[in-house]
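J.: Contents of upload23.cif (mmCIF, C-alpha atoms) are given next:
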data_run
loop_
_atom_site.label_atom_id
_atom_site.label_comp_id
_atom_site.auth_asym_id
_atom_site.auth_seq_id
_atom_site.Cartn_x
_atom_site.Cartn_y
_atom_site.Cartn_z
CA THR A 20 22.35 53.47 -11.24
CA ARG A 21 24.82 50.84 -12.40
CA LEU A 22 24.27 49.74 -16.01
CA ALA A 23 24.43 46.05 -16.86
CA ASN A 24 28.01 46.47 -18.11
CA GLY A 25 29.17 48.23 -14.93
CA VAL A 26 29.08 51.90 -15.94
CA ARG A 27 28.05 53.96 -12.92
CA ILE A 28 25.62 56.87 -13.22
CA VAL A 29 25.20 59.36 -10.37
CA THR A 30 23.01 62.45 -10.60
CA GLU A 31 22.02 65.24 -8.25
CA ARG A 32 18.72 66.97 -8.94
CA MET A 33 18.58 70.76 -8.55
CA PRO A 34 14.95 71.64 -9.35
CA GLU A 35 15.63 75.35 -8.84
CA ALA A 36 18.37 75.37 -11.51
CA ARG A 37 17.91 76.29 -15.14
CA SER A 38 20.95 74.38 -16.31
CA VAL A 39 22.20 70.82 -16.49
CA SER A 40 25.87 69.85 -16.23
CA LEU A 41 26.72 66.43 -17.63
CA GLY A 42 30.08 64.72 -17.38
CA VAL A 43 31.75 61.45 -18.20
CA TRP A 44 34.81 60.87 -16.01
CA VAL A 45 37.41 58.31 -17.02
CA GLY A 46 39.61 56.75 -14.32
CA VAL A 47 42.79 56.97 -16.38
CA GLY A 48 45.22 59.87 -16.55
CA GLY A 49 48.79 60.91 -17.12
CA ARG A 50 50.33 58.46 -14.64
CA ASP A 51 48.76 55.50 -16.46
CA GLU A 52 50.55 56.02 -19.77
CA PRO A 53 53.73 54.25 -20.90
CA ALA A 54 56.61 56.72 -20.90
CA ALA A 55 56.94 56.57 -24.69
CA LEU A 56 53.28 57.62 -25.02
CA ALA A 57 53.27 60.32 -22.35
CA GLY A 58 50.50 62.80 -23.04
CA ALA A 59 48.12 60.24 -24.58
CA SER A 60 45.27 61.03 -22.16
CA HIS A 61 45.61 64.74 -22.89
CA PHE A 62 45.77 64.00 -26.62
CA LEU A 63 42.45 62.16 -26.30
CA GLU A 64 40.98 65.08 -24.38
CA HIS A 65 41.60 67.19 -27.48
CA LEU A 66 40.55 64.57 -30.02
CA LEU A 67 37.19 63.28 -28.78
CA PHE A 68 35.38 66.52 -29.54
CA LYS A 69 36.94 66.58 -33.02
CA GLY A 70 34.12 64.44 -34.31
CA THR A 71 32.59 61.00 -34.73
CA SER A 72 31.57 58.94 -37.74
CA THR A 73 28.33 60.94 -37.95
CA ARG A 74 29.38 64.38 -36.62
CA SER A 75 32.17 66.75 -37.54
CA ALA A 76 33.95 68.95 -35.00
CA ARG A 77 32.19 71.97 -36.48
CA GLN A 78 28.77 70.33 -36.15
CA ILE A 79 29.40 69.51 -32.49
CA ALA A 80 30.62 73.05 -31.75
CA GLU A 81 27.73 74.70 -33.61
CA ALA A 82 25.13 72.52 -31.88
CA VAL A 83 26.41 73.51 -28.43
CA ASP A 84 26.91 77.18 -29.35
CA ALA A 85 23.40 77.37 -30.80
CA VAL A 86 21.87 76.83 -27.36
CA GLY A 87 24.37 78.96 -25.42
CA GLY A 88 26.02 75.94 -23.85
CA GLU A 89 29.62 75.11 -23.07
CA MET A 90 31.62 71.97 -23.67
CA ASN A 91 35.08 71.14 -22.41
CA ALA A 92 37.41 68.52 -20.99
CA PHE A 93 40.45 68.28 -18.74
CA THR A 94 43.17 65.79 -17.90
CA ASN A 95 45.04 65.26 -14.68
CA ARG A 96 47.35 62.59 -13.36
CA GLU A 97 44.68 60.03 -12.44
CA HIS A 98 41.60 60.81 -14.49
CA THR A 99 40.23 62.58 -17.55
CA ALA A 100 36.83 64.27 -17.72
CA TYR A 101 34.53 65.33 -20.56
CA TYR A 102 31.60 67.56 -19.76
CA THR A 103 29.00 69.95 -21.06
CA ARG A 104 26.74 72.53 -19.44
CA LEU A 105 23.47 73.36 -21.18
CA PRO A 106 20.07 74.95 -20.56
CA ALA A 107 17.96 72.36 -18.77
CA ASP A 108 15.51 72.04 -21.64
CA ARG A 109 18.37 71.10 -23.99
CA ALA A 110 19.89 68.39 -21.81
CA ASP A 111 19.17 65.73 -24.43
CA LEU A 112 21.70 67.39 -26.72
CA GLY A 113 24.45 66.92 -24.14
CA LEU A 114 23.43 63.33 -23.46
CA ASP A 115 23.57 62.57 -27.17
CA ILE A 116 26.91 64.29 -27.85
CA LEU A 117 28.74 62.84 -24.85
CA GLY A 118 27.46 59.36 -25.59
CA ASP A 119 28.53 59.72 -29.22
CA VAL A 120 32.07 61.08 -28.71
CA LEU A 121 32.90 58.52 -26.03
CA THR A 122 31.82 55.52 -28.08
CA ASP A 123 32.48 56.49 -31.71
CA PRO A 124 35.42 58.93 -32.01
CA ALA A 125 36.53 59.25 -35.61
CA PHE A 126 40.27 59.79 -35.08
CA ARG A 127 40.54 61.12 -38.64
CA PRO A 128 44.26 61.24 -39.51
CA HIS A 129 44.24 64.86 -40.67
CA GLU A 130 42.46 65.93 -37.45
CA VAL A 131 44.93 63.99 -35.32
CA ASP A 132 47.79 65.82 -37.03
CA ALA A 133 46.09 69.19 -36.70
CA GLU A 134 45.46 68.66 -33.01
CA ARG A 135 49.02 67.46 -32.53
CA HIS A 136 50.20 70.93 -33.57
CA VAL A 137 47.71 72.55 -31.17
CA ILE A 138 49.09 70.47 -28.29
CA LEU A 139 52.67 71.29 -29.26
CA GLU A 140 51.75 74.97 -29.09
CA GLU A 141 50.25 74.35 -25.65
CA ILE A 142 53.50 72.74 -24.51
CA LEU A 143 55.50 75.67 -25.87
CA MET A 144 53.15 78.09 -24.13
CA ASN A 145 53.80 76.29 -20.84
CA LEU A 146 57.55 76.54 -21.39
CA ASP A 147 57.17 80.28 -22.03
CA MET A 148 55.32 80.77 -18.72
CA PRO A 149 57.88 80.27 -15.94
CA GLU A 150 55.22 80.50 -13.22
CA ASP A 151 53.71 77.33 -14.77
CA HIS A 152 56.92 75.62 -15.82
CA VAL A 153 58.33 75.74 -12.30
CA HIS A 154 55.45 73.49 -11.19
CA THR A 155 56.43 70.96 -13.86
CA LEU A 156 60.00 70.99 -12.54
CA LEU A 157 58.79 70.60 -8.96
CA ALA A 158 56.66 67.56 -9.85
CA GLU A 159 59.71 65.95 -11.47
CA ALA A 160 61.73 66.64 -8.32
CA LEU A 161 59.04 65.32 -5.97
CA PHE A 162 58.52 62.10 -7.93
CA PRO A 163 61.78 61.51 -9.83
CA GLY A 164 61.55 58.81 -12.47
CA HIS A 165 57.88 58.17 -11.62
CA ALA A 166 54.80 58.78 -13.75
CA LEU A 167 53.37 61.17 -11.13
CA GLY A 168 56.30 63.46 -11.88
CA ARG A 169 55.63 63.64 -15.62
CA GLU A 170 53.95 66.61 -17.27
CA VAL A 171 50.35 65.67 -18.15
CA LEU A 172 50.72 67.40 -21.52
CA GLY A 173 53.51 65.03 -22.47
CA THR A 174 56.70 66.27 -24.10
CA ARG A 175 57.41 67.60 -27.56
CA GLU A 176 59.10 64.31 -28.38
CA THR A 177 56.27 62.02 -27.24
CA VAL A 178 53.52 64.15 -28.79
CA GLU A 179 55.36 64.38 -32.11
CA ALA A 180 55.98 60.62 -32.13
CA ALA A 181 52.47 59.45 -31.15
CA THR A 182 50.63 57.86 -34.07
CA ARG A 183 46.94 57.88 -34.79
CA ASP A 184 46.76 54.13 -34.18
CA GLN A 185 48.59 54.35 -30.84
CA ILE A 186 46.14 56.96 -29.56
CA ALA A 187 43.17 54.94 -30.82
CA GLU A 188 44.57 51.81 -29.17
CA PHE A 189 44.99 53.66 -25.85
CA PHE A 190 41.36 54.77 -26.11
CA GLY A 191 40.19 51.26 -26.94
CA ARG A 192 41.98 49.74 -23.98
CA TRP A 193 40.97 52.14 -21.23
CA TYR A 194 37.71 53.88 -22.23
CA LEU A 195 35.60 50.92 -21.16
CA PRO A 196 32.95 50.39 -18.45
CA ARG A 197 35.42 49.51 -15.68
CA ASN A 198 36.79 53.06 -15.81
CA LEU A 199 33.73 55.12 -16.75
CA VAL A 200 31.53 57.18 -14.43
CA VAL A 201 28.67 59.42 -15.54
CA VAL A 202 27.93 62.36 -13.24
CA ALA A 203 25.29 65.03 -13.71
CA ALA A 204 23.66 67.83 -11.74
CA GLY A 205 20.91 70.33 -12.42
CA ASP A 206 17.24 70.29 -13.36
CA LEU A 207 17.29 66.77 -14.72
CA ASP A 208 15.56 63.42 -14.60
CA HIS A 209 17.81 60.61 -13.39
CA ASP A 210 16.00 57.89 -15.29
CA ARG A 211 16.29 59.86 -18.53
CA VAL A 212 20.05 60.25 -18.03
CA ALA A 213 20.45 56.54 -17.29
CA GLU A 214 18.30 55.55 -20.27
CA SER A 215 20.28 57.73 -22.67
CA PHE A 216 23.69 56.44 -21.59
CA ALA A 217 22.40 52.86 -21.57
CA GLY A 218 21.93 53.32 -25.32
CA SER A 219 25.49 54.57 -25.83
CA LEU A 220 27.98 53.71 -23.07
CA GLY A 221 25.80 50.73 -22.22
CA ARG A 222 26.87 49.05 -25.47
CA LEU A 223 30.49 48.84 -24.32
CA ASP A 224 31.89 45.80 -22.58
CA GLY A 225 34.57 44.90 -20.06
CA GLY A 226 37.71 46.82 -19.31
CA GLU A 227 40.47 46.73 -16.72
CA GLY A 228 41.55 49.23 -14.14
CA PRO A 229 45.07 50.67 -14.32
CA VAL A 230 47.71 49.08 -12.09
CA ARG A 231 49.66 51.77 -10.29
CA GLN A 232 52.99 51.67 -8.50
CA ARG A 233 53.66 53.76 -5.41
CA PRO A 234 56.61 56.19 -5.71
CA GLN A 235 59.73 54.69 -4.14
CA VAL A 236 62.63 57.01 -5.02
CA ASP A 237 63.40 59.87 -2.62
CA VAL A 238 62.72 63.46 -3.66
CA GLU A 239 65.37 65.37 -5.57
CA PRO A 240 66.45 68.27 -3.32
CA ARG A 241 66.91 70.96 -5.97
CA VAL A 242 66.21 71.65 -9.63
CA VAL A 243 67.24 75.01 -11.11
CA LEU A 244 66.56 76.29 -14.61
CA ASP A 245 68.77 79.27 -15.31
CA ASP A 246 66.53 81.58 -17.31
CA PRO A 247 66.84 85.38 -17.63
CA THR A 248 63.28 86.11 -16.48
CA GLU A 249 62.31 89.35 -14.78
CA GLN A 250 61.22 87.40 -11.71
CA ALA A 251 62.59 84.28 -10.10
CA HIS A 252 59.84 81.70 -9.75
CA VAL A 253 60.22 79.46 -6.73
CA ALA A 254 58.26 76.30 -5.87
CA MET A 255 59.00 73.99 -2.99
CA GLY A 256 57.24 70.77 -2.16
CA TRP A 257 56.98 67.80 0.17
CA ARG A 258 55.50 64.32 -0.17
CA ALA A 259 52.12 64.23 1.57
CA VAL A 260 49.05 62.06 2.17
CA ASP A 261 46.92 60.04 -0.27
CA HIS A 262 43.17 59.94 -0.99
CA PHE A 263 42.51 57.46 1.80
CA ASP A 264 44.60 58.91 4.60
CA ASP A 265 42.72 60.01 7.70
CA ASP A 266 44.94 63.10 7.89
CA ARG A 267 43.72 64.55 4.59
CA TYR A 268 41.19 66.90 6.21
CA ALA A 269 43.74 68.13 8.74
CA LEU A 270 46.16 68.81 5.89
CA MET A 271 43.44 70.74 4.06
CA VAL A 272 43.00 72.98 7.11
CA GLY A 273 46.74 73.30 7.68
CA ASN A 274 47.29 74.28 4.06
CA GLN A 275 44.65 77.01 4.37
CA ILE A 276 46.42 78.42 7.42
CA LEU A 277 49.85 78.26 5.80
CA GLY A 278 49.12 79.77 2.39
CA GLY A 279 45.55 79.21 1.29
CA GLY A 280 44.16 82.73 1.41
CA MET A 281 44.69 86.40 2.17
CA SER A 282 44.70 85.81 5.93
CA SER A 283 47.23 82.96 5.66
CA ARG A 284 50.64 83.11 7.28
CA LEU A 285 52.54 83.22 4.00
CA PHE A 286 50.37 85.92 2.43
CA GLN A 287 50.55 88.10 5.50
CA GLU A 288 54.27 87.69 6.19
CA VAL A 289 55.72 87.38 2.69
CA ARG A 290 53.52 89.84 0.84
CA GLU A 291 51.80 92.15 3.31
CA GLU A 292 54.60 92.61 5.87
CA ARG A 293 57.72 92.31 3.71
CA GLY A 294 56.51 93.10 0.20
CA LEU A 295 58.60 90.26 -1.20
CA CYS A 296 56.21 89.21 -3.92
CA TYR A 297 52.88 89.75 -5.60
CA SER A 298 51.84 86.08 -5.70
CA VAL A 299 52.44 83.56 -2.92
CA TYR A 300 50.32 80.54 -2.05
CA SER A 301 50.37 76.94 -0.90
CA TRP A 302 48.47 73.83 -1.98
CA ALA A 303 47.95 70.17 -1.16
CA SER A 304 47.14 67.39 -3.65
CA THR A 305 46.22 63.76 -2.99
CA TYR A 306 46.52 60.74 -5.28
CA ALA A 307 45.57 57.07 -5.00
CA ASP A 308 48.82 56.10 -3.27
CA ALA A 309 50.73 59.35 -2.72
CA GLY A 310 50.31 63.07 -2.33
CA CYS A 311 52.17 66.35 -2.20
CA ALA A 312 52.06 69.74 -0.55
CA GLY A 313 53.74 72.78 -1.98
CA ILE A 314 54.40 76.50 -1.90
CA TYR A 315 54.87 78.90 -4.82
CA ALA A 316 56.16 82.48 -4.86
CA GLY A 317 57.65 84.81 -7.44
CA THR A 318 60.10 87.56 -6.52
CA ALA A 319 63.00 89.63 -7.87
CA PRO A 320 66.13 87.49 -8.40
CA SER A 321 68.03 89.60 -5.88
CA ARG A 322 65.49 88.78 -3.14
CA VAL A 323 65.31 85.00 -3.56
CA GLY A 324 67.56 84.39 -0.56
CA GLU A 325 65.36 86.50 1.69
CA LEU A 326 62.21 84.87 0.31
CA LEU A 327 63.47 81.36 0.99
CA SER A 328 64.56 82.32 4.50
CA VAL A 329 61.14 83.77 5.35
CA VAL A 330 59.21 80.85 3.86
CA ASP A 331 61.42 78.29 5.60
CA ASP A 332 60.90 80.13 8.88
CA GLU A 333 57.12 80.03 8.49
CA VAL A 334 57.18 76.32 7.68
CA ALA A 335 59.46 75.66 10.65
CA LYS A 336 57.12 77.58 12.97
CA LEU A 337 54.17 75.53 11.74
CA VAL A 338 56.03 72.28 12.44
CA ALA A 339 57.40 73.40 15.80
CA SER A 340 54.41 75.21 17.27
CA GLY A 341 51.32 74.16 15.34
CA VAL A 342 48.43 76.60 14.92
CA THR A 343 46.31 78.78 17.15
CA GLU A 344 42.64 78.23 17.86
CA SER A 345 41.90 81.53 16.12
CA GLU A 346 43.71 80.45 12.94
CA LEU A 347 41.93 77.10 13.10
CA ALA A 348 38.52 78.77 13.29
CA VAL A 349 39.22 81.09 10.35
CA ALA A 350 40.56 78.30 8.16
CA LYS A 351 37.71 75.91 8.92
CA GLY A 352 35.19 78.68 8.34
CA PHE A 353 36.72 79.48 4.95
CA ILE A 354 36.74 75.86 3.81
CA LYS A 355 33.17 75.22 4.96
CA GLY A 356 31.90 78.45 3.42
CA SER A 357 33.64 77.81 0.10
CA LEU A 358 32.19 74.32 -0.04
CA VAL A 359 28.66 75.56 0.56
CA LEU A 360 28.95 78.48 -1.87
CA GLY A 361 30.12 76.10 -4.56
CA LEU A 362 26.86 74.19 -4.33
CA GLU A 363 24.96 76.97 -6.08
CA ASP A 364 26.31 76.02 -9.52
CA SER A 365 25.38 72.82 -11.36
CA GLY A 366 28.89 72.52 -12.80
CA SER A 367 30.45 72.58 -9.32
CA ARG A 368 28.07 69.94 -8.06
CA MET A 369 28.75 67.73 -11.06
CA ALA A 370 32.51 68.10 -10.52
CA ARG A 371 32.19 67.31 -6.81
CA LEU A 372 30.48 64.03 -7.65
CA GLY A 373 33.12 63.15 -10.23
CA ARG A 374 36.08 63.94 -7.96
CA SER A 375 34.61 61.88 -5.12
CA LEU A 376 34.01 58.83 -7.31
CA MET A 377 37.41 59.04 -8.97
CA ALA A 378 39.28 59.45 -5.69
CA ARG A 379 37.56 57.00 -3.34
CA ASP A 380 34.87 55.29 -5.41
CA GLU A 381 32.18 56.70 -3.17
CA ILE A 382 30.00 59.76 -2.73
CA VAL A 383 30.77 61.74 0.40
CA THR A 384 27.78 63.90 1.26
CA VAL A 385 28.21 67.60 1.88
CA ASP A 386 27.11 67.12 5.49
CA ASP A 387 29.76 64.43 5.98
CA GLN A 388 32.43 66.68 4.48
CA LEU A 389 31.41 69.54 6.76
CA ALA A 390 31.48 67.20 9.76
CA HIS A 391 35.00 66.04 8.90
CA ILE A 392 36.18 69.64 8.63
CA ARG A 393 34.51 70.66 11.89
CA ALA A 394 36.18 67.71 13.65
CA VAL A 395 39.74 68.83 12.81
CA THR A 396 41.59 70.01 15.91
CA ALA A 397 44.73 72.07 16.40
CA ASP A 398 46.50 68.88 17.49
CA ASP A 399 45.45 67.17 14.23
CA VAL A 400 46.95 70.02 12.19
CA ALA A 401 50.14 70.00 14.24
CA ALA A 402 50.54 66.25 13.72
CA VAL A 403 50.07 66.33 9.95
CA ALA A 404 52.27 69.44 9.64
CA SER A 405 55.09 67.63 11.40
CA ARG A 406 54.52 64.53 9.29
CA VAL A 407 54.47 66.37 5.93
CA PHE A 408 56.60 69.49 6.33
CA GLY A 409 59.10 67.68 8.51
CA SER A 410 59.92 65.36 5.62
CA PRO A 411 62.56 66.03 2.90
CA ARG A 412 61.87 69.10 0.78
CA ALA A 413 62.23 69.53 -2.97
CA LEU A 414 62.97 72.96 -4.42
CA ALA A 415 62.46 74.09 -8.02
CA LEU A 416 63.44 77.47 -9.38
CA VAL A 417 63.18 79.18 -12.75
CA GLY A 418 65.20 82.37 -13.08
CA HIS A 419 68.70 83.77 -12.98
CA VAL A 420 69.98 83.73 -9.41
CA ASP A 421 73.17 83.15 -7.51
CA GLU A 422 72.88 79.48 -6.53
CA SER A 423 74.76 80.15 -3.31
CA VAL A 424 71.53 81.58 -1.86
CA LEU A 425 69.79 78.25 -2.44
CA THR A 426 72.06 76.19 -0.21
#
Go ahead and render the structure in this file as structure tokens.
T.:
Amino acid sequence: TRLANGVRIVTERMPEARSVSLGVWVGVGGRDEPAALAGASHFLEHLLFKGTSTRSARQIAEAVDAVGGEMNAFTNREHTAYYTRLPADRADLGLDILGDVLTDPAFRPHEVDAERHVILEEILMNLDMPEDHVHTLLAEALFPGHALGREVLGTRETVEAATRDQIAEFFGRWYLPRNLVVVAAGDLDHDRVAESFAGSLGRLDGGEGPVRQRPQVDVEPRVVLDDPTEQAHVAMGWRAVDHFDDDRYALMVGNQILGGGMSSRLFQEVREERGLCYSVYSWASTYADAGCAGIYAGTAPSRVGELLSVVDDEVAKLVASGVTESELAVAKGFIKGSLVLGLEDSGSRMARLGRSLMARDEIVTVDDQLAHIRAVTADDVAAVASRVFGSPRALALVGHVDESVLT
């Protein structure tokens, strides 16, 4: 359903479920903030559940706890989501709370200041976790000087400087129908969901979509933070494909083969055969006009040189020789199976709807997704591997190592 003001509402009925997952997804994230207000979307993620003109934060929390539900939110670079999961017979509570917090947040000054300190602690926690901080450094190296390279949390400086009125103004500009999508899954009635949000989000008007600029500056080859950690934390990355690129499914399969699971090349060679690390994995992320692929591993500082050599060799083999039909079958089977298994939970189905609408403004059916995955060939994976992993690499490292091994 599309409300008169443009808010889209998409639901998926699961009559066998005993829960309902409700979400409001906002098409604005970390990359859409002015640099001086970096972290504003994440600040809002914390603040909206702090209360409205008629509800306190405690009242909201107690109402959800009293029925055994859960309520949360998250922020990424291109969207922010607010959601709740409740017993099906208490769905009206979630409809009411989400509609209230997204149209009438109180932004009480003392609560803004209290939450500011919570966010600053979260930033400090990230800095104290090198396995997380190295990803922040890698993003900055992959997208230097661009909003996609900024930490979604913001910085200590921007969070400390943000005023109550600036956060409220950011909310007022972007949290409008043009950027709002309601998604829900579970034992629900679509018309009831639409009717409820028509009485809350339906009262809003207008809005504009964010204007985004494609990254132009080349990647920064190396960023090293000399830190006396027990392990050296290594992340390397490459620019990759965007949400609309036809190669995105081939990259998904290629990523699974490279470092997506226990049978992957990196896990088997780096961990199982050589014992170089406990944790090693790869990933691929897509955005509206860009993307990235990356690899993470943690090892003893004295073994960083060997680790980099082995990982580089595996990437080079993937680019030079592609993948085998056996590897292709295992990877496609894993991706298809994981997708199907995720459909058993109302929260996963709700999130799938939200991600699809935020990324491409459409709903891709499960059958269509499975068909796209089945259609990927070894030649497709070889082509996207050459395209992505054959491009300039960025390297980030947190630890105390001899930099001569990084050259």
J.: Which residues come within 8 Å of stretch 136-148 of chain A, counting only C-alpha atoms, excluding same-chain residues fewer than 2 positions away, as a list in words?
T.: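 Once the adjacent positions are removed, what remains is Phe62, Asp132, Ala133, Glu134, Glu150, Asp151, His152, Leu172, Gly173, Thr174, Arg175, Val178 and Glu179 of chain A.
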J.: Sorted by chain and rising residue number, list the residues of stretch 91-169 of chain A at most 7 Å from stretch 27-40 of chain A (counting all atoms listed in the file), each with its closest atom pair and distance in Å to one decimal, as a tab-separated table.
T.:
residue	atom	partner	partner_atom	distance
A:Thr103	CA	A:Ser40	CA	5.8
A:Arg104	CA	A:Ser40	CA	4.3
A:Leu105	CA	A:Val39	CA	5.5
A:Pro106	CA	A:Ser38	CA	4.4
A:Ala107	CA	A:Ser38	CA	4.4
A:Ala110	CA	A:Val39	CA	6.3
J.: Once the PyMOL selection byres ((chain A and resi 112) around 12) is applied to the coordinates I shared, what remains selected? I want it as a PyMOL selection string.
T.: chain A and resi 39-41+79-90+103-111+113-119+212+215
J.: Could you please determine the separation between atom CA of A:Thr122 and atom CA of A:Arg50 in Å, to one decimal place?
T.: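 So the two atoms, atom CA of A:Thr122 and atom CA of A:Arg50, lie 23.1 Å apart.
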J.: Just give me the residues with any atom within 8 Å of (45.7, 61.2, -21.4), file coordinates, counting only C-alpha atoms, written as number ranges by chain.
T.: A: 47-49, 52, 57-64, 94-95, 99, 171-172
J.: Looking at A:Ala401, A:Cys296, A:Ala204, A:Ala312, which one is nearest to A:Lys336, with distances taken over all atoms listed in the file?
T.: A:Ala401
J.: Give the answer as one residue: which of A:His419, A:Arg412, A:Arg222, A:His391 has the shortest atom-to-atom distance to A:Asn24, using all atoms listed in the file?
T.: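 Among A:His419, A:Arg412, A:Arg222, A:His391, it is A:Arg222 that comes nearest to A:Asn24.
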J.: Please, which residues in stretch 85-148 of chain A fall within 9 Å of stretch 180-185 of chain A when counting all atoms listed in the file, and what is the closest atom pair and distance in Å to one decimal for each, ordered by chain then residue number, as a tab-separated table?
T.:
residue	atom	partner	partner_atom	distance
A:Phe126	CA	A:Arg183	CA	6.9
A:Arg127	CA	A:Arg183	CA	8.1
A:Pro128	CA	A:Arg183	CA	6.4
A:Val131	CA	A:Arg183	CA	6.5
A:Asp132	CA	A:Arg183	CA	8.3
A:Arg135	CA	A:Ala181	CA	8.8
J.: For A:Lys355, which residue among A:Leu161, A:Ile382, A:Val272, A:Ala319 is the nearest when counting only C-alpha atoms?
T.: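 Looking at the shortest contact to A:Lys355, the residue is A:Val272.
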J.: So, with all atoms listed in the file as the atoms that count, which of A:Ser345, A:Ser410, A:Leu67, A:Gly366 lies closest to A:Asp206?
T.: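 Nearest candidate to A:Asp206 out of A:Ser345, A:Ser410, A:Leu67, A:Gly366: A:Gly366.
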J.: Can you tell me how far atom CA of A:Asp308 sits from atom CA of A:Asp261, in Å to one decimal?
T.: 5.3 Å
J.: Hey, what comes out of the PyMOL selection byres ((chain A and resi 230) around 12) on this file? Could you write it as a PyMOL selection string?
T.: chain A and resi 46-48+50-53+97+193+227-229+231-233+307-308
J.: Expanded to explicit residues, what is the PyMOL selection byres ((chain A and resi 223) around 12) for this file, as a PyMOL selection string?
T.: chain A and resi 22-26+118+121-123+191-199+216-222+224-226
J.: When you draw a straight line from atom CA of A:Gly42 to atom CA of A:Gly70, how long is it in Å?
T.: 17.4 Å
J.: Choose the residue, out of A:Leu285, A:Thr305, A:His165, A:Val424, that has the smallest atom-to-atom separation from A:Arg374; count only C-alpha atoms.
T.: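 Closest to A:Arg374 of all the choices is A:Thr305.
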J.: Using all atoms listed in the file, which of A:Ala213, A:Val329, A:Ala413, A:Ala335 sits nearest A:Asp237?
T.: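 So, comparing all the options, the nearest one is A:Ala413.
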J.: Find the spatial neighbours of A:Val349, counting only C-alpha atoms, within a cut-off of 9 Å - ignore same-chain residues fewer than 5 positions away - and output them as a compact mmCIF listing (two decimals) with C-alpha atoms, keeping the file's coordinate frame.
T.:
# COMPACT_ATOMS: atom_id res chain seq x y z
CA ILE A 276 46.42 78.42 7.42
CA SER A 282 44.70 85.81 5.93
CA GLU A 344 42.64 78.23 17.86
CA ILE A 354 36.74 75.86 3.81
J.: Show me, as a ChimeraX atom specification, the residues that have an atom within 12 Å of A:Val334 when counting only C-alpha atoms, minus same-chain residues fewer than 3 positions from it.
T.: /A:255-257,273-274,276-278,284-285,288,301,312-314,327-331,337-342,401,404-405,407-410,412
J.: Write out as a PyMOL selection string each polymer residue whose atoms come within 9 Å of A:Gln388, counting all atoms listed in the file; drop sequence neighbours fewer than 5 positions from it.
T.: chain A and resi 268+355+358+383+393
J.: Name the residues within 9 Å of (69.4, 77.5, -0.6), counting only C-alpha atoms in the file's coordinates, and put them as JSON, numbers by chain.
T.: {"A": [241, 324, 327, 328, 414, 422, 423, 424, 425, 426]}
J.: Limited to C-alpha atoms, could you put the picked residues into a file as a compact mmCIF listing (two decimals), in the frame of the given file?
T.:
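Writing done, so here's selection.txt:
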# COMPACT_ATOMS: atom_id res chain seq x y z
CA ARG A 241 66.91 70.96 -5.97
CA GLY A 324 67.56 84.39 -0.56
CA LEU A 327 63.47 81.36 0.99
CA SER A 328 64.56 82.32 4.50
CA LEU A 414 62.97 72.96 -4.42
CA GLU A 422 72.88 79.48 -6.53
CA SER A 423 74.76 80.15 -3.31
CA VAL A 424 71.53 81.58 -1.86
CA LEU A 425 69.79 78.25 -2.44
CA THR A 426 72.06 76.19 -0.21
